[in-house]
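> structure.csv is reproduced in full below (CSV, C-alpha atoms).
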chain,number,residue,atom,x,y,z
J,1,MET,CA,-76.8,-47.9,103.3
J,2,SER,CA,-78.9,-46.0,100.7
J,3,PHE,CA,-76.1,-43.3,100.5
J,4,LEU,CA,-73.5,-46.0,99.7
J,5,ILE,CA,-75.8,-47.4,97.0
J,6,ASP,CA,-76.5,-44.0,95.5
J,7,SER,CA,-72.8,-43.1,95.6
J,8,SER,CA,-71.9,-46.4,93.8
J,9,ILE,CA,-74.4,-45.6,91.1
J,10,MET,CA,-73.0,-42.1,90.6
J,11,ILE,CA,-69.3,-43.4,90.6
J,12,THR,CA,-70.2,-46.1,88.1
J,13,SER,CA,-71.9,-43.6,85.7
J,14,GLN,CA,-68.9,-41.2,86.1
J,15,ILE,CA,-66.5,-44.0,85.2
J,16,LEU,CA,-68.6,-44.8,82.1
J,17,PHE,CA,-68.7,-41.2,81.1
J,18,PHE,CA,-64.9,-40.9,81.6
J,19,GLY,CA,-64.3,-44.0,79.4
J,20,PHE,CA,-66.6,-42.7,76.7
J,21,GLY,CA,-64.9,-39.3,76.8
J,22,TRP,CA,-61.5,-41.0,76.5
J,23,LEU,CA,-62.6,-43.2,73.6
J,24,PHE,CA,-64.3,-40.3,71.9
J,25,PHE,CA,-61.1,-38.2,72.3
J,26,MET,CA,-58.8,-40.9,71.0
J,27,ARG,CA,-60.8,-42.4,68.1
J,28,GLN,CA,-63.0,-39.6,66.9
J,29,LEU,CA,-62.1,-36.1,68.0
J,30,PHE,CA,-58.3,-36.1,67.8
J,31,LYS,CA,-57.5,-39.3,66.0
J,32,ASP,CA,-55.4,-37.4,63.4
J,33,TYR,CA,-53.4,-35.4,66.0
J,34,GLU,CA,-50.6,-36.4,68.2
J,35,ILE,CA,-51.3,-35.7,71.9
J,36,ARG,CA,-48.3,-36.7,73.9
J,37,GLN,CA,-49.4,-35.4,77.3
J,38,TYR,CA,-51.7,-37.8,79.2
J,39,VAL,CA,-52.6,-35.1,81.6
J,40,VAL,CA,-54.4,-33.3,78.7
J,41,GLN,CA,-56.4,-36.5,77.9
J,42,VAL,CA,-57.3,-37.0,81.6
J,43,ILE,CA,-58.4,-33.3,82.0
J,44,PHE,CA,-60.6,-33.5,78.9
J,45,SER,CA,-62.1,-36.9,79.9
J,46,VAL,CA,-62.8,-35.7,83.5
J,47,THR,CA,-64.4,-32.5,82.3
J,48,PHE,CA,-66.5,-34.5,79.9
J,49,ALA,CA,-67.5,-37.0,82.7
J,50,PHE,CA,-68.5,-34.3,85.2
J,51,SER,CA,-70.3,-32.3,82.5
J,52,CYS,CA,-72.4,-35.3,81.6
J,53,THR,CA,-73.0,-36.0,85.2
J,54,MET,CA,-74.7,-32.7,85.7
J,55,PHE,CA,-77.3,-33.5,83.1
J,56,GLU,CA,-77.7,-37.0,84.6
J,57,LEU,CA,-78.4,-35.3,87.9
J,58,ILE,CA,-81.0,-33.1,86.3
J,59,ILE,CA,-82.8,-36.2,84.9
J,60,PHE,CA,-82.5,-37.7,88.4
J,61,GLU,CA,-84.2,-34.6,89.9
J,62,ILE,CA,-87.1,-35.0,87.5
J,63,LEU,CA,-87.5,-38.7,87.9
J,64,GLY,CA,-86.8,-38.7,91.6
J,65,VAL,CA,-83.9,-41.2,91.3
J,66,LEU,CA,-81.6,-41.4,94.4
J,67,ASN,CA,-82.2,-39.9,97.8
J,68,SER,CA,-82.6,-36.1,98.0
J,69,SER,CA,-79.6,-35.8,100.4
J,70,SER,CA,-77.5,-37.9,98.0
J,71,ARG,CA,-78.5,-35.8,95.1
J,72,TYR,CA,-77.6,-32.7,97.0
J,73,PHE,CA,-74.2,-34.1,98.0
J,74,HIS,CA,-73.3,-35.1,94.4
J,75,TRP,CA,-74.6,-31.8,93.0
J,76,LYS,CA,-72.3,-30.0,95.4
J,77,MET,CA,-69.3,-32.2,94.8
J,78,ASN,CA,-69.8,-32.1,91.0
J,79,LEU,CA,-70.0,-28.3,90.9
J,80,CYS,CA,-66.9,-28.0,93.1
J,81,VAL,CA,-64.9,-30.3,90.9
J,82,ILE,CA,-66.0,-28.8,87.6
J,83,LEU,CA,-65.2,-25.3,88.9
J,84,LEU,CA,-61.8,-26.5,90.2
J,85,ILE,CA,-61.0,-27.8,86.7
J,86,LEU,CA,-62.4,-24.7,84.8
J,87,VAL,CA,-61.0,-22.0,87.0
J,88,PHE,CA,-57.7,-23.5,88.2
J,89,MET,CA,-56.4,-26.5,86.4
J,90,VAL,CA,-57.3,-25.8,82.7
J,91,PRO,CA,-56.1,-22.2,82.7
J,92,PHE,CA,-52.9,-23.1,84.4
J,93,TYR,CA,-52.1,-25.9,81.9
J,94,ILE,CA,-53.0,-23.8,79.0
J,95,GLY,CA,-50.5,-21.2,80.2
J,96,TYR,CA,-48.0,-24.0,80.9
J,97,PHE,CA,-48.1,-25.4,77.4
J,98,ILE,CA,-48.0,-22.0,75.8
J,99,VAL,CA,-44.9,-21.1,77.7
J,100,SER,CA,-43.3,-24.5,77.0
J,101,ASN,CA,-43.5,-23.7,73.3
J,102,ILE,CA,-41.4,-20.6,73.7
J,103,ARG,CA,-37.8,-21.5,73.9
J,104,LEU,CA,-36.7,-18.3,75.7
J,105,LEU,CA,-39.1,-19.1,78.5
J,106,HIS,CA,-38.6,-22.9,78.6
J,107,LYS,CA,-36.4,-22.9,81.7
J,108,GLN,CA,-38.7,-20.6,83.7
J,109,ARG,CA,-41.9,-22.1,82.3
J,110,LEU,CA,-43.4,-22.9,85.8
J,111,LEU,CA,-42.9,-19.3,87.0
J,112,PHE,CA,-44.3,-17.8,83.8
J,113,SER,CA,-47.2,-20.3,83.9
J,114,CYS,CA,-48.1,-19.1,87.3
J,115,LEU,CA,-47.9,-15.5,86.1
J,116,LEU,CA,-50.2,-16.2,83.2
J,117,TRP,CA,-52.7,-18.0,85.6
J,118,LEU,CA,-52.6,-15.0,88.0
J,119,THR,CA,-53.3,-12.7,85.0
J,120,PHE,CA,-56.2,-14.9,84.0
J,121,MET,CA,-57.6,-14.8,87.5
J,122,TYR,CA,-57.4,-11.0,87.6
J,123,PHE,CA,-59.4,-10.6,84.5
J,124,PHE,CA,-61.7,-13.5,85.4
J,125,TRP,CA,-62.5,-11.8,88.7
J,126,LYS,CA,-62.9,-8.3,87.2
J,127,LEU,CA,-65.4,-9.9,84.7
J,128,GLY,CA,-68.1,-9.9,87.4
J,129,ASP,CA,-67.9,-6.2,88.2
J,130,PRO,CA,-70.1,-4.9,85.3
J,131,PHE,CA,-72.8,-7.6,85.6
J,132,PRO,CA,-75.6,-7.8,88.3
J,133,ILE,CA,-74.9,-11.5,88.9
J,134,LEU,CA,-74.6,-11.8,92.7
J,135,SER,CA,-76.4,-10.8,95.8
J,136,PRO,CA,-74.3,-8.4,97.9
J,137,LYS,CA,-74.2,-10.8,100.9
J,138,HIS,CA,-72.1,-13.4,99.2
J,139,GLY,CA,-68.5,-13.7,100.4
J,140,ILE,CA,-65.5,-13.3,98.2
J,141,LEU,CA,-64.5,-17.0,98.5
J,142,SER,CA,-68.0,-18.4,98.0
J,143,ILE,CA,-68.9,-20.9,95.3
J,144,GLU,CA,-71.4,-18.3,93.9
J,145,GLN,CA,-68.5,-16.0,93.0
J,146,LEU,CA,-67.0,-18.6,90.7
J,147,ILE,CA,-70.1,-20.1,89.2
J,148,SER,CA,-71.5,-16.6,88.4
J,149,ARG,CA,-68.5,-15.6,86.4
J,150,VAL,CA,-68.3,-19.0,84.7
J,151,GLY,CA,-71.9,-18.6,83.9
J,152,VAL,CA,-71.4,-15.3,82.1
J,153,ILE,CA,-68.7,-16.7,79.9
J,154,GLY,CA,-70.6,-19.9,79.2
J,155,VAL,CA,-73.9,-18.2,78.5
J,156,THR,CA,-72.2,-15.9,76.1
J,157,LEU,CA,-70.6,-18.9,74.3
J,158,MET,CA,-74.0,-20.7,74.2
J,159,ALA,CA,-75.8,-17.6,72.8
J,160,LEU,CA,-73.1,-17.1,70.1
J,161,LEU,CA,-73.2,-20.7,69.0
J,162,SER,CA,-77.0,-20.9,69.2
J,163,GLY,CA,-77.5,-17.7,67.2
J,164,PHE,CA,-75.1,-18.8,64.5
J,165,GLY,CA,-76.5,-22.3,64.4
J,166,ALA,CA,-80.1,-21.1,64.2
J,167,VAL,CA,-79.1,-19.1,61.0
J,168,ASN,CA,-76.5,-21.4,59.5
J,169,CYS,CA,-78.6,-24.6,59.7
J,170,PRO,CA,-81.4,-23.2,57.5
J,171,TYR,CA,-78.8,-21.7,55.1
J,172,THR,CA,-77.0,-25.0,54.8
J,173,TYR,CA,-79.9,-27.4,54.5
J,174,MET,CA,-82.8,-25.5,53.0
J,175,SER,CA,-83.2,-25.9,49.3
J,176,TYR,CA,-84.4,-22.3,49.0
J,177,PHE,CA,-80.8,-21.0,49.5
J,178,LEU,CA,-79.2,-23.4,47.0
J,179,ARG,CA,-78.0,-21.9,43.8
J,180,ASN,CA,-79.3,-23.5,40.6
J,181,VAL,CA,-76.1,-25.2,39.4
J,182,THR,CA,-76.2,-27.1,36.1
J,183,ASP,CA,-73.7,-29.2,34.2
J,184,THR,CA,-73.4,-26.4,31.7
J,185,ASP,CA,-72.2,-24.0,34.4
J,186,ILE,CA,-69.6,-26.5,35.6
J,187,LEU,CA,-68.4,-27.3,32.1
J,188,ALA,CA,-68.1,-23.5,31.3
J,189,LEU,CA,-66.0,-22.9,34.4
J,190,GLU,CA,-63.8,-26.0,33.8
J,191,ARG,CA,-63.3,-24.7,30.2
J,192,ARG,CA,-62.1,-21.4,31.6
J,193,LEU,CA,-59.8,-23.2,34.0
J,194,LEU,CA,-58.3,-25.4,31.2
J,195,GLN,CA,-57.8,-22.3,29.0
J,196,THR,CA,-56.0,-20.6,31.8
J,197,MET,CA,-53.8,-23.6,32.4
J,198,ASP,CA,-53.0,-23.7,28.7
J,199,MET,CA,-52.0,-20.1,28.7
J,200,ILE,CA,-49.7,-20.7,31.7
J,201,ILE,CA,-48.0,-23.6,30.0
J,202,SER,CA,-47.6,-21.6,26.8
J,203,LYS,CA,-46.0,-18.7,28.6
J,204,LYS,CA,-43.7,-20.9,30.6
J,205,LYS,CA,-42.6,-22.5,27.3
J,206,ARG,CA,-41.8,-19.1,25.9
J,207,MET,CA,-39.8,-18.3,29.0
J,208,ALA,CA,-37.9,-21.6,28.7
J,209,MET,CA,-37.1,-21.0,25.0
J,210,ALA,CA,-36.0,-17.4,25.8
J,211,ARG,CA,-33.6,-18.7,28.5
J,212,ARG,CA,-32.3,-21.3,26.1
J,213,THR,CA,-31.7,-18.7,23.4
J,214,MET,CA,-29.8,-16.5,25.9
J,215,PHE,CA,-27.8,-19.5,27.0
J,216,GLN,CA,-26.8,-20.4,23.5
J,217,LYS,CA,-25.7,-16.8,22.8
J,218,GLY,CA,-23.5,-17.0,25.8
J,219,GLU,CA,-25.4,-14.4,27.8
J,220,VAL,CA,-25.6,-16.6,30.9
J,221,HIS,CA,-22.2,-18.2,31.5
J,222,ASN,CA,-19.8,-16.4,29.1
J,223,LYS,CA,-20.3,-12.9,30.3
J,224,PRO,CA,-17.6,-10.5,29.1
J,225,SER,CA,-15.3,-9.1,31.8
J,226,GLY,CA,-14.2,-5.6,32.5
J,227,PHE,CA,-16.0,-2.3,32.7
J,228,TRP,CA,-16.9,-2.1,29.0
J,229,GLY,CA,-18.0,-5.7,29.0
J,230,MET,CA,-20.4,-5.0,31.8
J,231,ILE,CA,-21.8,-2.0,29.9
J,232,LYS,CA,-22.3,-4.2,26.8
J,233,SER,CA,-23.9,-7.0,28.8
J,234,VAL,CA,-26.4,-4.7,30.3
J,235,THR,CA,-27.3,-3.0,27.0
J,236,THR,CA,-27.6,-6.2,24.9
J,237,SER,CA,-29.7,-8.3,27.4
J,238,ALA,CA,-31.9,-5.6,28.9
J,239,SER,CA,-34.7,-6.2,26.4
J,240,GLY,CA,-34.6,-9.9,26.9
J,241,SER,CA,-34.6,-9.6,30.7
J,242,GLU,CA,-37.5,-7.2,30.5
J,243,ASN,CA,-39.6,-9.6,28.4
J,244,LEU,CA,-38.9,-12.4,30.8
J,245,THR,CA,-39.9,-10.2,33.7
J,246,LEU,CA,-43.2,-9.2,32.0
J,247,ILE,CA,-43.9,-12.8,31.1
J,248,GLN,CA,-43.3,-13.9,34.7
J,249,GLN,CA,-45.7,-11.3,36.0
J,250,GLU,CA,-48.3,-12.6,33.6
J,251,VAL,CA,-47.7,-16.2,34.7
J,252,ASP,CA,-48.1,-15.2,38.3
J,253,ALA,CA,-51.4,-13.4,37.6
J,254,LEU,CA,-52.7,-16.4,35.6
J,255,GLU,CA,-51.7,-18.8,38.4
J,256,GLU,CA,-53.6,-16.8,40.9
J,257,LEU,CA,-56.6,-16.8,38.5
J,258,SER,CA,-56.3,-20.6,38.1
J,259,ARG,CA,-56.4,-21.1,41.9
J,260,GLN,CA,-59.6,-19.0,42.1
J,261,LEU,CA,-61.2,-20.8,39.2
J,262,PHE,CA,-60.3,-24.2,40.8
J,263,LEU,CA,-61.9,-23.1,44.1
J,264,GLU,CA,-65.0,-21.9,42.3
J,265,THR,CA,-65.2,-25.2,40.4
J,266,ALA,CA,-65.0,-27.2,43.6
J,267,ASP,CA,-67.7,-25.0,45.1
J,268,LEU,CA,-70.0,-25.6,42.2
J,269,TYR,CA,-69.5,-29.4,42.5
J,270,ALA,CA,-70.2,-29.1,46.2
J,271,THR,CA,-73.4,-27.1,45.5
J,272,LYS,CA,-74.5,-29.6,42.9
J,273,GLU,CA,-74.0,-32.5,45.4
J,274,ARG,CA,-76.1,-30.5,47.9
J,275,ILE,CA,-78.9,-30.1,45.3
J,276,GLU,CA,-78.8,-33.9,44.6
J,277,TYR,CA,-78.7,-34.6,48.4
J,278,SER,CA,-81.7,-32.3,49.0
J,279,LYS,CA,-83.8,-34.5,46.7
J,280,THR,CA,-83.3,-37.6,48.9
J,281,PHE,CA,-85.4,-38.5,52.0
J,282,LYS,CA,-82.6,-37.5,54.4
J,283,GLY,CA,-82.1,-34.3,52.5
J,284,LYS,CA,-85.8,-33.5,52.8
J,285,TYR,CA,-85.7,-34.2,56.5
J,286,PHE,CA,-82.8,-31.7,57.0
J,287,ASN,CA,-84.7,-29.2,54.8
J,288,PHE,CA,-87.6,-29.5,57.2
J,289,LEU,CA,-85.1,-28.9,60.1
J,290,GLY,CA,-83.9,-25.8,58.3
J,291,TYR,CA,-87.4,-24.4,58.2
J,292,PHE,CA,-87.9,-25.3,61.9
J,293,PHE,CA,-84.7,-23.5,62.9
J,294,SER,CA,-85.7,-20.5,60.8
J,295,ILE,CA,-89.0,-20.3,62.7
J,296,TYR,CA,-87.1,-20.8,66.0
J,297,CYS,CA,-84.7,-18.0,65.1
J,298,VAL,CA,-87.5,-15.6,64.2
J,299,TRP,CA,-89.4,-16.5,67.3
J,300,LYS,CA,-86.4,-16.0,69.5
J,301,ILE,CA,-85.7,-12.6,68.0
J,302,PHE,CA,-89.3,-11.6,68.3
J,303,MET,CA,-89.5,-12.8,71.9
J,304,PHE,CA,-86.4,-10.8,72.8
J,305,PHE,CA,-88.0,-7.6,71.4
J,306,TYR,CA,-91.2,-8.5,73.2
J,307,ALA,CA,-89.3,-8.9,76.5
J,308,ILE,CA,-87.6,-5.6,75.9
J,309,SER,CA,-90.8,-3.8,75.2
J,310,SER,CA,-92.6,-5.3,78.2
J,311,SER,CA,-89.6,-4.9,80.5
J,312,LYS,CA,-50.3,-23.3,68.5
J,313,SER,CA,-50.2,-26.5,70.3
J,314,SER,CA,-52.7,-29.3,70.0
J,315,ASN,CA,-52.5,-29.6,73.8
J,316,VAL,CA,-53.7,-26.0,74.1
J,317,ILE,CA,-56.5,-26.6,71.6
J,318,VAL,CA,-57.7,-29.7,73.6
J,319,LEU,CA,-57.6,-27.7,76.9
J,320,LEU,CA,-59.5,-24.8,75.3
J,321,LEU,CA,-62.1,-27.3,74.0
J,322,ALA,CA,-62.4,-28.7,77.5
J,323,GLN,CA,-62.7,-25.2,79.0
J,324,ILE,CA,-65.5,-24.3,76.5
J,325,MET,CA,-67.2,-27.6,77.0
J,326,GLY,CA,-67.2,-27.3,80.8
J,327,MET,CA,-68.5,-23.7,80.8
J,328,TYR,CA,-71.1,-24.7,78.2
J,329,PHE,CA,-72.5,-27.4,80.4
J,330,VAL,CA,-72.4,-25.3,83.6
J,331,SER,CA,-74.3,-22.5,81.8
J,332,SER,CA,-76.8,-25.0,80.5
J,333,VAL,CA,-77.6,-26.0,84.0
J,334,LEU,CA,-78.2,-22.3,84.9
J,335,LEU,CA,-80.5,-21.9,81.9
J,336,ILE,CA,-82.3,-25.2,82.3
J,337,ARG,CA,-83.1,-24.5,85.9
J,338,MET,CA,-85.5,-21.7,84.9
J,339,SER,CA,-87.4,-24.1,82.7
J,340,MET,CA,-87.9,-26.8,85.4
J,341,PRO,CA,-91.0,-26.9,87.6
J,342,LEU,CA,-90.6,-25.5,91.1
J,343,GLU,CA,-90.7,-28.9,92.8
J,344,TYR,CA,-87.7,-30.1,90.7
J,345,ARG,CA,-85.4,-27.1,91.0
J,346,THR,CA,-85.2,-27.0,94.8
J,347,ILE,CA,-81.9,-28.8,95.2
J,348,ILE,CA,-80.3,-27.1,92.2
J,349,THR,CA,-81.3,-23.7,93.6
J,350,GLU,CA,-79.7,-24.6,97.0
J,351,VAL,CA,-76.5,-25.8,95.4
J,352,LEU,CA,-76.2,-22.8,93.0
J,353,GLY,CA,-77.0,-20.3,95.6
J,354,GLU,CA,-78.8,-17.0,95.2
J,355,LEU,CA,-77.7,-16.1,91.8
J,356,GLN,CA,-79.5,-13.6,89.5
J,357,PHE,CA,-80.9,-16.2,87.2
J,358,ASN,CA,-83.1,-13.8,85.3
J,359,PHE,CA,-80.0,-11.9,84.2
J,360,TYR,CA,-78.5,-14.9,82.5
J,361,HIS,CA,-81.7,-15.4,80.4
J,362,ARG,CA,-81.8,-11.8,79.3
J,363,TRP,CA,-78.1,-11.9,78.6
J,364,PHE,CA,-78.5,-15.0,76.5
J,365,ASP,CA,-81.3,-13.3,74.5
J,366,VAL,CA,-79.1,-10.2,73.9
J,367,ILE,CA,-76.1,-12.2,72.7
J,368,PHE,CA,-78.3,-14.5,70.6
J,369,LEU,CA,-79.9,-11.5,68.9
J,370,VAL,CA,-76.5,-10.0,68.0
J,371,SER,CA,-75.1,-13.4,66.8
J,372,ALA,CA,-78.2,-14.2,64.7
J,373,LEU,CA,-78.3,-10.8,63.0
J,374,SER,CA,-74.6,-10.8,62.4
J,375,SER,CA,-74.8,-14.3,60.9
J,376,ILE,CA,-77.8,-13.3,58.7
J,377,LEU,CA,-75.8,-10.3,57.4
J,378,PHE,CA,-72.7,-12.4,56.7
J,379,LEU,CA,-74.5,-15.2,55.0
J,380,TYR,CA,-76.6,-12.7,53.0
J,381,LEU,CA,-73.5,-11.0,51.7
J,382,ALA,CA,-71.9,-14.4,50.9
J,383,HIS,CA,-75.0,-15.6,49.1
J,384,LYS,CA,-75.2,-12.3,47.1
J,385,GLN,CA,-71.5,-12.4,46.2
J,386,ALA,CA,-71.5,-16.0,44.9
J,387,PRO,CA,-73.6,-15.4,41.7
J,388,GLU,CA,-71.4,-12.4,40.9
J,389,LYS,CA,-68.3,-14.5,41.0
J,390,GLN,CA,-70.0,-17.2,38.9
J,391,MET,CA,-71.0,-14.6,36.2
J,392,ALA,CA,-67.6,-12.8,36.1
J,393,PRO,CA,-65.8,-13.2,32.8
In C-alpha cells, how does this file's structure come out?


Amino acid sequence: MSFLIDSSIMITSQILFFGFGWLFFMRQLFKDYEIRQYVVQVIFSVTFAFSCTMFELIIFEILGVLNSSSRYFHWKMNLCVILLILVFMVPFYIGYFIVSNIRLLHKQRLLFSCLLWLTFMYFFWKLGDPFPILSPKHGILSIEQLISRVGVIGVTLMALLSGFGAVNCPYTYMSYFLRNVTDTDILALERRLLQTMDMIISKKKRMAMARRTMFQKGEVHNKPSGFWGMIKSVTTSASGSENLTLIQQEVDALEELSRQLFLETADLYATKERIEYSKTFKGKYFNFLGYFFSIYCVWKIFMFFYAISSSKSSNVIVLLLAQIMGMYFVSSVLLIRMSMPLEYRTIITEVLGELQFNFYHRWFDVIFLVSALSSILFLYLAHKQAPEKQMAP
C-alpha cells in the first residue's frame, strides 16, 4: 500500500514537471521559433521532468520522504529512463533531423540516421577508454558503463560553464570593470558617425552627378559602333570610369567605418545604462554577487592547486539543449553525492554503482581551472582593447 502511495506521489510530481517543461518550452524558451515536430517537444519535456525528478529524489533522501525501497526503485527507474533518452533517443533524432535537411539523403534518411547513431555510439564508447571511471568487474552492458561516460561529458560541460560564469558574472556586474562613459564621449562618437554619413551622402551625390553627365553626353546608351567606335569609347570614358571606381571604393570604406562607429556608439550607450543600473539597489546587489563569485573563482583555483600539491534546424537545437540539460543534471547528481553525508548517500551509491567518484571531482577542478583562466584572459583582452577603440581617431 505504501509503495502505491509513494508511486502516485512520484508520478504526480513528474506530470507537473513535464507540464512545466512544456509550458516553459512553448512560452519562454522557443516562443519565437517554429517547432513543428511534437516528438521534439515531448523529448525535451520528458528530459526536463526526469532531470528535475533526480533533484527531487535527492531532497527526499535528505528529508526521509517515501519508503527507502520506493526511493531505490524510482532512482533506478529514473536513471534508466534518462540514460535511454540521452544515449539512444536524442542522438538518433538529432541525426534524423540533420539527415532530413539534406535533400540528397532525404529518401534514405532512416538508414543514414542509424549510421550516424552508430558512429555516435562508437565514439561515445571509446570516450571511456582514457579515463579511470570504472571498476574492472563491471560488465559491458551494465548501467555503470553508460552513466560513467555520460558523467564525463556532463562534468566537462558543468566545469566549462561554471568556470566561464564565475569569471563573466563579476566582469558583467561589478562596477570596477565598467568604463567611465560620459555624455561627452557619446556625443563625440555620434558626431564622428554623422560626419561619416555626410561624407557618404556627398560622395554618392558626386557619383550620381557623374553618371548623369555621362548619360547626357551619350556615353551610356548612344555608344558608337564599330572597331574605331569601341576604341574611342574606351579612351574617352576611361578617366570618368576610373573616378567612379575610386569614389565607390571610398564609399565602401566609409560605410564599413560607419558600421563600426554605430556598433561602438551602441556599446557606449549600453555601458552607460550599466553604470546607471549599478547605482540602483538591484545593481548594488548584483555588484555584491560579482565580488562573491570573484572570491569563489579565486578560492576554487586555489583549492585546485592545493589538491594538486597535496595529491541548422531548430529541432536539432532543441534536442542538443535537451542532451546538454540531461547530462548536466546527471553529472550534478554525481558531484552532489560527494557533498552529502554518508547516511544520505547510501541509496544513491547503490543505484550509481561502484564508480570512481573522486575522478569526477578532480576532472571538474581541472576543466574549471582551464575555463576560468581562459575566460580571464579573453575578458582582459576585450577590456583592454575597448578603450583603444574609443580613443582611435

> Of the residues J:Ala270, J:Leu355, J:Leu157, J:Leu254, which is the one nearest to Ile143 in chain J, using all atoms listed in the file?

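Checking each candidate against Ile143 in chain J, we get J:Leu355 as the closest.
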
> Skip range 317-325 of chain J itself and residues of its chain fewer than 4 positions away, then list as a list in words all residues within 9 Å of it, counting all atoms listed in the file.

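My list of contacting residues is Phe30, Ile35, Val40, Gln41, Ile43, Phe44, Ser45, Thr47, Phe48, Ser51, Ile85, Leu86, Val87, Val90, Pro91, Tyr93, Ile94, Ile153, Gly154, Leu157, Lys312, Ser313, Phe329 and Val330 of chain J.
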
> As an exercise, work out the distance from CA of Ser68 in chain J to CA of Ile5 in chain J in Å and give it to one decimal place.

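Here the two named atoms are 13.2 Å from each other.
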
> Using CA of Tyr171 in chain J and CA of Leu379 in chain J as the two end points, give the distance in Å to one decimal.

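Rounded to one decimal, the two atoms are 7.8 Å apart.
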
> Could you jot down the CA of Met327 in chain J to CA of Ser375 in chain J separation for me, Å, one decimal place?

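Separating CA of Met327 in chain J from CA of Ser375 in chain J is a distance of 22.9 Å.
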
> Taking all atoms listed in the file into account, name the residue in J:Asp6, J:Glu273, J:Glu350, J:Asp129 that is nearest to Tyr72 in chain J.

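Among the listed residues, J:Glu350 lies closest to Tyr72 in chain J.
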
> Applying 9 Å and only C-alpha atoms, which residues near Ser7 in chain J remain after dropping the ones on its own chain fewer than 5 positions away? List them as a list of chain:residue names.

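Contacts, in chain order: J:Ser2, J:Thr12, J:Ser70, J:His74.
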
> For the residues in that selection, give me C-alpha atoms as a short mmCIF file (atom, residue, chain, number, x, y, z; two decimals), in the coordinates of the input.


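Writing the result to out17.cif gives the following:
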data_model
loop_
_atom_site.label_atom_id
_atom_site.label_comp_id
_atom_site.auth_asym_id
_atom_site.auth_seq_id
_atom_site.Cartn_x
_atom_site.Cartn_y
_atom_site.Cartn_z
CA SER J 2 -78.90 -46.00 100.70
CA THR J 12 -70.20 -46.10 88.10
CA SER J 70 -77.50 -37.90 98.00
CA HIS J 74 -73.30 -35.10 94.40
#

> I need every residue sitting at most 8 Å from the point (-75.0, -12.1, 86.8) (coordinates as in the file, only C-alpha atoms considered), written as a ChimeraX atom specification.

/J:128,131-134,148-149,151-152,355-357,359-360

> Given the choices J:Val46, J:Val167, J:Ile147, J:Arg337, which gets closest to Ile376 in chain J if the distance is worked out from only C-alpha atoms?

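When distances to Ile376 in chain J are compared using only C-alpha atoms, the smallest one comes from J:Val167.
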
> Counting all atoms listed in the file, what is within 12 Å of Arg345 in chain J, bar same-chain residues fewer than 2 positions away, as a list in words?

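Listed by chain and then number, they are Leu57, Ile58, Ile59, Phe60, Glu61, Ile62, Gly64, Ser68, Arg71, Tyr72, Trp75, Val333, Leu334, Leu335, Ile336, Arg337, Met338, Ser339, Met340, Pro341, Leu342, Glu343, Ile347, Ile348, Thr349, Glu350, Val351, Leu352 and Gly353 of chain J.
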
> Of the candidates J:Ala166, J:Phe112, J:Asn243, J:Tyr344, which shows the shortest atom-to-atom distance to Arg211 in chain J, using all atoms listed in the file?

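That would be J:Asn243, the residue with the smallest distance to Arg211 in chain J.
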